[in-house]
$ cat entry07.csv   # CSV, C-alpha atoms and all ligand atoms
chain,number,residue,atom,x,y,z
F,13,MET,CA,78.6,103.9,156.7
F,14,GLN,CA,78.9,105.3,153.1
F,15,LEU,CA,78.6,101.9,151.4
F,16,ASP,CA,75.8,101.5,148.9
F,17,GLU,CA,74.4,98.5,150.8
F,18,TYR,CA,74.6,100.3,154.2
F,19,TYR,CA,71.1,101.9,154.3
F,20,PRO,CA,70.8,103.0,158.0
F,21,THR,CA,72.9,106.1,157.8
F,22,ARG,CA,71.2,107.3,154.6
F,23,CYS,CA,67.7,106.6,156.0
F,24,GLU,CA,68.4,108.5,159.2
F,25,TYR,CA,70.0,111.3,157.3
F,26,GLU,CA,66.8,111.6,155.2
F,27,ILE,CA,64.6,111.6,158.4
F,28,LEU,CA,66.6,114.5,159.9
F,29,ALA,CA,66.8,116.4,156.6
F,30,LYS,CA,63.0,116.2,156.1
F,31,GLN,CA,61.6,116.1,159.6
F,32,SER,CA,63.8,118.2,161.9
F,33,GLY,CA,61.0,120.8,161.8
F,34,GLU,CA,58.7,118.4,163.6
F,35,VAL,CA,61.3,117.8,166.3
F,36,ALA,CA,61.7,121.5,166.7
F,37,GLU,CA,57.9,122.0,167.1
F,38,LEU,CA,57.8,119.3,169.8
F,39,ILE,CA,60.4,121.0,171.9
F,40,ALA,CA,59.7,124.6,171.2
F,41,GLY,CA,58.4,126.6,174.1
F,42,GLY,CA,61.2,126.9,176.6
F,43,GLU,CA,64.9,126.6,177.1
F,44,PHE,CA,66.3,123.1,176.8
F,45,ASN,CA,69.5,121.1,176.6
F,46,LEU,CA,70.1,119.0,173.5
F,47,ILE,CA,72.3,116.1,174.7
F,48,GLU,CA,73.7,113.6,172.3
F,49,LEU,CA,75.1,110.2,173.5
F,50,GLY,CA,77.9,109.0,171.3
F,51,ALA,CA,77.8,112.0,169.0
F,52,GLY,CA,80.6,110.7,166.6
F,53,ASN,CA,81.1,113.2,163.8
F,54,GLY,CA,77.6,114.7,164.4
F,55,GLU,CA,77.0,114.9,160.7
F,56,LYS,CA,73.3,114.1,160.9
F,57,THR,CA,72.8,116.1,164.1
F,58,LYS,CA,73.9,119.2,162.3
F,59,LEU,CA,70.7,119.0,160.2
F,60,LEU,CA,68.7,119.3,163.4
F,61,LEU,CA,70.9,122.0,164.9
F,62,ARG,CA,70.4,124.1,161.7
F,63,GLU,CA,66.6,123.8,162.0
F,64,LEU,CA,66.6,124.7,165.8
F,65,SER,CA,68.8,127.7,165.2
F,66,LYS,CA,66.7,128.8,162.2
F,67,ARG,CA,63.7,128.9,164.5
F,68,HIS,CA,65.7,130.8,167.1
F,69,LEU,CA,65.0,128.3,169.8
F,70,SER,CA,66.9,128.7,173.1
F,71,TYR,CA,69.0,125.7,173.7
F,72,LYS,CA,72.6,124.4,174.3
F,73,TYR,CA,74.0,121.4,172.5
F,74,PHE,CA,76.1,118.9,174.5
F,75,PRO,CA,77.7,116.2,172.4
F,76,ILE,CA,79.0,113.4,174.6
F,77,ASP,CA,81.5,110.9,173.3
F,78,ILE,CA,84.1,108.7,174.9
F,79,SER,CA,86.5,109.5,172.0
F,80,ARG,CA,88.5,112.7,172.5
F,81,GLU,CA,89.1,112.8,168.8
F,82,ALA,CA,85.3,112.8,168.1
F,83,ILE,CA,84.8,115.7,170.5
F,84,ASN,CA,87.6,117.7,169.1
F,85,LYS,CA,86.4,117.2,165.6
F,86,ILE,CA,82.8,118.0,166.3
F,87,SER,CA,83.8,121.1,168.2
F,88,GLN,CA,85.9,122.3,165.3
F,89,THR,CA,83.2,121.8,162.7
F,90,LEU,CA,80.5,123.4,164.8
F,91,THR,CA,82.6,126.5,165.4
F,92,GLU,CA,83.3,126.7,161.6
F,93,GLU,CA,79.9,125.7,160.2
F,94,LEU,CA,77.4,126.7,162.9
F,95,PRO,CA,78.9,129.5,164.9
F,96,GLU,CA,75.4,130.5,166.1
F,97,VAL,CA,75.0,127.2,168.0
F,98,SER,CA,76.0,127.3,171.7
F,99,PHE,CA,77.6,124.0,172.6
F,100,GLU,CA,79.9,122.2,175.0
F,101,GLY,CA,81.6,119.0,174.0
F,102,ILE,CA,81.9,116.4,176.8
F,103,LYS,CA,84.5,113.6,176.6
F,104,ALA,CA,83.0,111.0,178.8
F,105,GLU,CA,81.1,107.7,178.9
F,106,TYR,CA,77.4,108.2,178.2
F,107,PHE,CA,75.9,108.3,181.7
F,108,ARG,CA,78.8,110.1,183.4
F,109,GLY,CA,78.5,112.8,180.7
F,110,LEU,CA,74.8,113.0,181.2
F,111,LYS,CA,75.1,113.2,185.0
F,112,SER,CA,77.8,116.0,184.7
F,113,ILE,CA,75.4,118.1,182.5
F,114,ARG,CA,72.4,117.6,184.8
F,115,LYS,CA,74.5,118.7,187.8
F,116,LYS,CA,75.2,122.0,186.1
F,117,THR,CA,71.7,122.8,184.7
F,118,ASN,CA,68.2,121.7,185.3
F,119,LYS,CA,66.6,122.7,182.0
F,120,THR,CA,64.5,120.2,180.0
F,121,SER,CA,66.7,117.5,178.4
F,122,PHE,CA,66.2,116.3,174.9
F,123,VAL,CA,68.6,113.3,174.6
F,124,LEU,CA,69.6,112.0,171.2
F,125,PHE,CA,70.9,108.4,170.7
F,126,LEU,CA,71.1,108.1,167.0
F,127,GLY,CA,72.5,105.7,164.4
F,128,SER,CA,70.9,102.5,165.7
F,129,ASN,CA,73.6,102.3,168.3
F,130,ILE,CA,71.0,100.8,170.6
F,131,GLY,CA,70.9,97.7,168.4
F,132,ASN,CA,74.5,96.9,169.2
F,133,PHE,CA,73.6,95.9,172.8
F,134,ASN,CA,72.1,92.5,173.5
F,135,LYS,CA,68.4,92.4,174.6
F,136,THR,CA,69.2,92.6,178.4
F,137,ALA,CA,71.7,95.4,177.9
F,138,ILE,CA,69.2,97.4,175.9
F,139,GLN,CA,66.7,97.2,178.7
F,140,ASP,CA,69.3,98.1,181.3
F,141,PHE,CA,70.5,101.0,179.1
F,142,LEU,CA,67.0,102.4,178.8
F,143,LEU,CA,66.2,102.0,182.5
F,144,ARG,CA,69.4,103.9,183.3
F,145,LEU,CA,68.5,106.5,180.8
F,146,ASN,CA,65.1,107.0,182.4
F,147,ASP,CA,66.7,107.2,185.8
F,148,SER,CA,69.0,109.9,184.6
F,149,LEU,CA,66.2,112.1,183.3
F,150,GLU,CA,63.3,114.2,184.9
F,151,GLN,CA,59.7,113.7,184.2
F,152,GLY,CA,58.8,115.4,180.9
F,153,ASP,CA,62.3,115.1,179.4
F,154,TYR,CA,62.6,113.6,175.9
F,155,ALA,CA,64.8,111.0,174.2
F,156,MET,CA,65.0,110.4,170.5
F,157,ILE,CA,66.4,107.0,169.7
F,158,GLY,CA,67.3,105.5,166.3
F,159,PHE,CA,66.0,102.0,165.6
F,160,ASP,CA,66.7,100.0,162.5
F,161,LEU,CA,63.5,98.2,161.6
F,162,LYS,CA,63.0,94.6,160.6
F,163,LYS,CA,62.8,94.3,156.8
F,164,LYS,CA,63.6,91.8,154.0
F,165,PRO,CA,66.4,89.7,155.4
F,166,GLN,CA,68.5,90.0,152.2
F,167,THR,CA,68.5,93.8,152.5
F,168,ILE,CA,69.8,93.5,156.0
F,169,ILE,CA,72.4,90.8,155.2
F,170,ASP,CA,73.8,92.9,152.3
F,171,ALA,CA,74.3,95.8,154.6
F,172,TYR,CA,76.5,93.7,156.9
F,173,ASP,CA,78.2,91.7,154.2
F,174,ASP,CA,79.0,94.2,151.4
F,175,ALA,CA,80.4,93.4,148.0
F,176,LYS,CA,83.6,95.4,148.5
F,177,GLY,CA,84.4,93.5,151.7
F,178,VAL,CA,84.6,96.7,153.8
F,179,THR,CA,82.5,95.2,156.6
F,180,LYS,CA,84.8,92.2,156.7
F,181,GLU,CA,87.9,94.5,157.0
F,182,PHE,CA,86.0,96.5,159.8
F,183,HIS,CA,85.7,93.2,161.8
F,184,LEU,CA,89.3,92.1,161.1
F,185,ASN,CA,90.4,95.5,162.3
F,186,LEU,CA,89.6,94.2,165.8
F,187,LEU,CA,92.5,91.8,165.4
F,188,HIS,CA,94.8,94.5,164.1
F,189,ARG,CA,93.9,96.7,167.0
F,190,MET,CA,94.6,94.0,169.5
F,191,ASN,CA,98.0,93.4,167.8
F,192,LYS,CA,98.8,97.1,168.0
F,193,GLU,CA,97.4,98.0,171.4
F,194,LEU,CA,97.6,94.8,173.4
F,195,GLY,CA,100.7,93.2,171.9
F,196,ALA,CA,98.7,90.3,170.4
F,197,ASN,CA,100.0,88.3,167.4
F,198,PHE,CA,96.8,87.5,165.4
F,199,ASP,CA,97.4,86.6,161.8
F,200,ALA,CA,94.2,88.2,160.2
F,201,SER,CA,94.6,86.0,157.1
F,202,LYS,CA,93.8,83.0,159.3
F,203,PHE,CA,90.3,84.4,160.2
F,204,GLU,CA,87.2,84.6,157.9
F,205,TYR,CA,84.2,86.9,158.4
F,206,TYR,CA,80.7,85.4,158.7
F,207,THR,CA,77.5,87.2,159.4
F,208,THR,CA,73.9,86.0,159.8
F,209,TYR,CA,70.5,87.5,160.4
F,210,ASN,CA,67.8,85.8,162.4
F,211,PRO,CA,64.4,87.3,161.4
F,212,ARG,CA,62.7,85.9,164.5
F,213,THR,CA,65.0,87.5,167.1
F,214,GLY,CA,65.9,90.4,164.8
F,215,ALA,CA,69.6,89.8,165.5
F,216,VAL,CA,72.4,90.3,163.0
F,217,GLU,CA,75.3,88.3,164.5
F,218,SER,CA,78.7,88.6,163.1
F,219,PHE,CA,81.7,86.4,163.7
F,220,LEU,CA,85.4,85.8,162.9
F,221,ILE,CA,86.0,82.2,162.2
F,222,SER,CA,89.4,80.6,162.7
F,223,VAL,CA,90.3,78.9,159.4
F,224,GLU,CA,92.8,76.5,161.1
F,225,GLN,CA,93.9,75.3,164.5
F,226,GLN,CA,96.1,78.1,166.0
F,227,ASP,CA,97.5,79.7,169.1
F,228,VAL,CA,97.5,83.4,169.7
F,229,GLU,CA,99.4,85.3,172.4
F,230,ILE,CA,98.2,88.5,173.9
F,231,ASP,CA,101.2,90.1,175.7
F,232,PHE,CA,99.0,92.5,177.7
F,233,LEU,CA,97.1,89.6,179.3
F,234,GLN,CA,100.2,87.4,179.5
F,235,LYS,CA,98.0,84.6,178.0
F,236,THR,CA,97.9,82.3,175.1
F,237,PHE,CA,94.5,81.5,173.4
F,238,HIS,CA,93.9,78.4,171.5
F,239,PHE,CA,91.5,78.4,168.5
F,240,ASP,CA,90.2,75.2,167.0
F,241,GLU,CA,89.6,75.0,163.2
F,242,ASN,CA,86.1,76.7,162.6
F,243,GLU,CA,86.0,78.1,166.2
F,244,SER,CA,84.1,81.4,166.1
F,245,VAL,CA,84.7,84.7,167.8
F,246,HIS,CA,81.5,86.7,168.2
F,247,THR,CA,82.3,90.3,167.1
F,248,GLU,CA,79.0,92.1,166.8
F,249,PHE,CA,75.3,92.2,167.5
F,250,SER,CA,73.0,94.5,165.5
F,251,TYR,CA,69.4,94.1,166.5
F,252,LYS,CA,66.5,95.0,164.2
F,253,PHE,CA,63.1,95.9,165.7
F,254,ASN,CA,59.4,96.2,164.8
F,255,LEU,CA,57.1,99.0,166.0
F,256,ARG,CA,55.5,96.9,168.7
F,257,GLU,CA,59.0,96.0,170.1
F,258,VAL,CA,60.0,99.7,170.1
F,259,ARG,CA,56.7,100.6,172.0
F,260,GLU,CA,57.3,97.8,174.5
F,261,LEU,CA,60.9,98.9,175.1
F,262,ALA,CA,59.6,102.5,175.8
F,263,GLU,CA,56.8,101.4,178.1
F,264,ASN,CA,59.0,98.9,180.0
F,265,SER,CA,61.5,101.6,180.8
F,266,GLY,CA,59.1,104.4,181.9
F,267,PHE,CA,58.7,106.3,178.7
F,268,LYS,CA,55.8,106.9,176.3
F,269,VAL,CA,56.3,107.1,172.6
F,270,CYS,CA,55.4,110.6,171.4
F,271,GLN,CA,56.1,110.2,167.7
F,272,ASN,CA,57.9,107.9,165.3
F,273,LEU,CA,59.7,109.6,162.4
F,274,PHE,CA,60.1,107.3,159.4
F,275,ASP,CA,62.3,107.4,156.3
F,276,SER,CA,60.5,107.1,152.9
F,277,LYS,CA,61.3,103.4,152.7
F,278,HIS,CA,60.1,102.7,156.2
F,279,PHE,CA,63.5,101.0,156.9
F,280,PHE,CA,64.4,103.1,160.0
F,281,ILE,CA,62.8,105.2,162.7
F,282,ASP,CA,63.9,107.9,165.0
F,283,SER,CA,61.4,107.3,167.9
F,284,ILE,CA,60.7,110.3,170.2
F,285,TRP,CA,59.9,109.3,173.7
F,286,GLN,CA,58.9,111.3,176.8
F,287,LYS,CA,59.7,110.3,180.4
F,288,LEU,CA,56.5,109.6,182.3
P,1,LIG,C1,78.8,104.3,165.5
P,1,LIG,S1,79.2,105.9,166.1
P,1,LIG,C2,77.7,106.7,165.8
P,1,LIG,C3,77.9,108.2,165.8
P,1,LIG,C4,76.6,109.0,165.6
P,1,LIG,N1,75.7,108.8,166.8
P,1,LIG,C5,75.9,108.6,164.4
P,1,LIG,O1,74.7,108.1,164.4
P,1,LIG,O2,76.4,108.8,163.3
P,1,LIG,C6,79.2,105.6,167.9
P,1,LIG,C7,79.9,106.7,168.7
P,1,LIG,O3,79.6,106.5,170.1
P,1,LIG,C8,80.8,106.6,170.8
P,1,LIG,N2,80.7,105.7,172.0
P,1,LIG,C9,80.6,104.4,172.0
P,1,LIG,N3,80.4,103.9,173.3
P,1,LIG,C10,80.3,105.0,174.1
P,1,LIG,C11,80.1,105.2,175.5
P,1,LIG,N4,80.0,104.1,176.3
P,1,LIG,N5,80.1,106.4,176.0
P,1,LIG,C12,80.3,107.5,175.2
P,1,LIG,N6,80.5,107.4,173.8
P,1,LIG,C13,80.5,106.1,173.3
P,1,LIG,C14,81.9,106.2,169.9
P,1,LIG,O4,83.1,106.8,170.3
P,1,LIG,C15,81.4,106.7,168.5
P,1,LIG,O5,81.8,108.0,168.3
$ encode --input "entry07.csv" --output "structure tokens" --more "lines below"
Ligand SMILES: C[S@@+](CC[C@H](N)C(=O)[O-])C[C@H]1O[C@@H](n2cnc3c(N)ncnc32)[C@H](O)[C@@H]1O
Amino acid sequence: MQLDEYYPTRCEYEILAKQSGEVAELIAGGEFNLIELGAGNGEKTKLLLRELSKRHLSYKYFPIDISREAINKISQTLTEELPEVSFEGIKAEYFRGLKSIRKKTNKTSFVLFLGSNIGNFNKTAIQDFLLRLNDSLEQGDYAMIGFDLKKKPQTIIDAYDDAKGVTKEFHLNLLHRMNKELGANFDASKFEYYTTYNPRTGAVESFLISVEQQDVEIDFLQKTFHFDENESVHTEFSYKFNLREVRELAENSGFKVCQNLFDSKHFFIDSIWQKL
């Protein structure tokens, strides 16, 4: 995320650094729950939390993450850096976490889904996710969702195929994880990384390509998998959107777009929606 070529994190950081005040103005007026799906390290969210606290808004922050490590870490940094913020970390899958919060309190929800995580679903899964999100909220609740925008294809390709080869290692790490956690015997040197961007569909699609014919065993599954030379393993989707597509996604899932917050290059938006 810190690579020179990987612009999305920096763009969203800039949005939150410069425009958290606008978010605060939108939700000011009553008590609310700020709920973050897949909070990770919460680095960018802290910018918003600082702004909300500066304005003495009455809210509680609920970071939800499936990773215990992420929840422990964010809890620790919030306690140290923002002791004035009332929060409760929830280790859970997105919608289970959301449901458990809504069971406890019925205040207005402002849900964050940042970092263009939504682009990692395929098109059907995006729509399913948004319908489910709508279903989990009450009329008038908000969602703020990060969307990476369509831009010059080379800028996008560079972000997913960096010069240092970090993205390649990130994908090969899937094989190392399978070796470690599922007793597989992948030889990572026998796979190459390949990524492509389709400006029509907006999809970055990444693959590992088997450089030779080979068999791989996965103990956990008690199965052997054969790979032909040049056979591909699809490892990631990362969809890019235009503003019309973002509006249609909102409208098709029962939301209206209230505001789009752009970075200065217009590479990325945090789109604020309200449930109708
Ligand atoms: C790429 S990180 C992004 C973190 C942060 N939102 C940001 O923008 O920097 C995605 C986070 O979502 C969490 N996550 C992924 N799938 C999840 C799920 N189904 N339920 C809950 N958390 C999930 C991961 O553990 C990870 O911390």
$ residues_near_ligand --input "entry07.csv" --ligand "ligand LIG 1 (chain P)" --cutoff "9 Å" --atoms "only C-alpha atoms and all ligand atoms" --output "PDB file with C-alpha atoms, in the frame of the given file"
ATOM      1  CA  MET F  13      78.600 103.900 156.700  1.00  0.00           C
ATOM      2  CA  THR F  21      72.900 106.100 157.800  1.00  0.00           C
ATOM      3  CA  GLU F  24      68.400 108.500 159.200  1.00  0.00           C
ATOM      4  CA  GLU F  48      73.700 113.600 172.300  1.00  0.00           C
ATOM      5  CA  LEU F  49      75.100 110.200 173.500  1.00  0.00           C
ATOM      6  CA  GLY F  50      77.900 109.000 171.300  1.00  0.00           C
ATOM      7  CA  ALA F  51      77.800 112.000 169.000  1.00  0.00           C
ATOM      8  CA  GLY F  52      80.600 110.700 166.600  1.00  0.00           C
ATOM      9  CA  ASN F  53      81.100 113.200 163.800  1.00  0.00           C
ATOM     10  CA  GLY F  54      77.600 114.700 164.400  1.00  0.00           C
ATOM     11  CA  GLU F  55      77.000 114.900 160.700  1.00  0.00           C
ATOM     12  CA  LYS F  56      73.300 114.100 160.900  1.00  0.00           C
ATOM     13  CA  THR F  57      72.800 116.100 164.100  1.00  0.00           C
ATOM     14  CA  ILE F  76      79.000 113.400 174.600  1.00  0.00           C
ATOM     15  CA  ASP F  77      81.500 110.900 173.300  1.00  0.00           C
ATOM     16  CA  ILE F  78      84.100 108.700 174.900  1.00  0.00           C
ATOM     17  CA  SER F  79      86.500 109.500 172.000  1.00  0.00           C
ATOM     18  CA  ARG F  80      88.500 112.700 172.500  1.00  0.00           C
ATOM     19  CA  GLU F  81      89.100 112.800 168.800  1.00  0.00           C
ATOM     20  CA  ALA F  82      85.300 112.800 168.100  1.00  0.00           C
ATOM     21  CA  ILE F  83      84.800 115.700 170.500  1.00  0.00           C
ATOM     22  CA  LYS F 103      84.500 113.600 176.600  1.00  0.00           C
ATOM     23  CA  ALA F 104      83.000 111.000 178.800  1.00  0.00           C
ATOM     24  CA  GLU F 105      81.100 107.700 178.900  1.00  0.00           C
ATOM     25  CA  TYR F 106      77.400 108.200 178.200  1.00  0.00           C
ATOM     26  CA  PHE F 107      75.900 108.300 181.700  1.00  0.00           C
ATOM     27  CA  ARG F 108      78.800 110.100 183.400  1.00  0.00           C
ATOM     28  CA  GLY F 109      78.500 112.800 180.700  1.00  0.00           C
ATOM     29  CA  LEU F 124      69.600 112.000 171.200  1.00  0.00           C
ATOM     30  CA  PHE F 125      70.900 108.400 170.700  1.00  0.00           C
ATOM     31  CA  LEU F 126      71.100 108.100 167.000  1.00  0.00           C
ATOM     32  CA  GLY F 127      72.500 105.700 164.400  1.00  0.00           C
ATOM     33  CA  SER F 128      70.900 102.500 165.700  1.00  0.00           C
ATOM     34  CA  ASN F 129      73.600 102.300 168.300  1.00  0.00           C
ATOM     35  CA  GLY F 158      67.300 105.500 166.300  1.00  0.00           C
TER      36      GLY F 158
END
$ closest_residue --input "entry07.csv" --among "F:Ile230, F:Val216, F:Ala29, F:Ile221" --to "F:Ala196" --atoms "all atoms listed in the file"
F:Ile230
$ residues_near_point --input "entry07.csv" --point "(60.0, 124.7, 167.1)" --cutoff "9 Å" --atoms "only C-alpha atoms" --output "ChimeraX atom specification"
/F:33-41,63-64,67-69
$ residues_near_point --input "entry07.csv" --point "(63.8, 95.3, 163.0)" --cutoff "6 Å" --atoms "all atoms listed in the file" --output "PyMOL selection string"
chain F and resi 160-162+214+252-254
$ atom_distance --input "entry07.csv" --atom1 "atom CA of F:Ala155" --atom2 "atom CA of F:Leu46"
9.6 Å
$ closest_residue --input "entry07.csv" --among "F:Lys202, F:Leu94, F:Asn132, F:Val123" --to "F:Pro75" --atoms "all atoms listed in the file"
F:Val123
$ closest_residue --input "entry07.csv" --among "F:Lys30, F:Arg22, F:Lys119, F:Lys58" --to "F:Tyr71" --atoms "only C-alpha atoms"
F:Lys119
$ residues_around --input "entry07.csv" --residues "F:Phe141" --least-positions-apart "3" --cutoff "12 Å" --atoms "only C-alpha atoms" --output "PyMOL selection string"
chain F and resi 49+106-107+125+129-138+144-148+157+261-262+264-265
$ closest_residue --input "entry07.csv" --among "F:Phe237, F:Arg189, F:Phe159, F:Thr89" --to "F:Ser283" --atoms "all atoms listed in the file"
F:Phe159
$ closest_residue --input "entry07.csv" --among "F:Ser222, F:Leu28, F:Asn45, F:Tyr205" --to "F:Lys116" --atoms "all atoms listed in the file"
F:Asn45
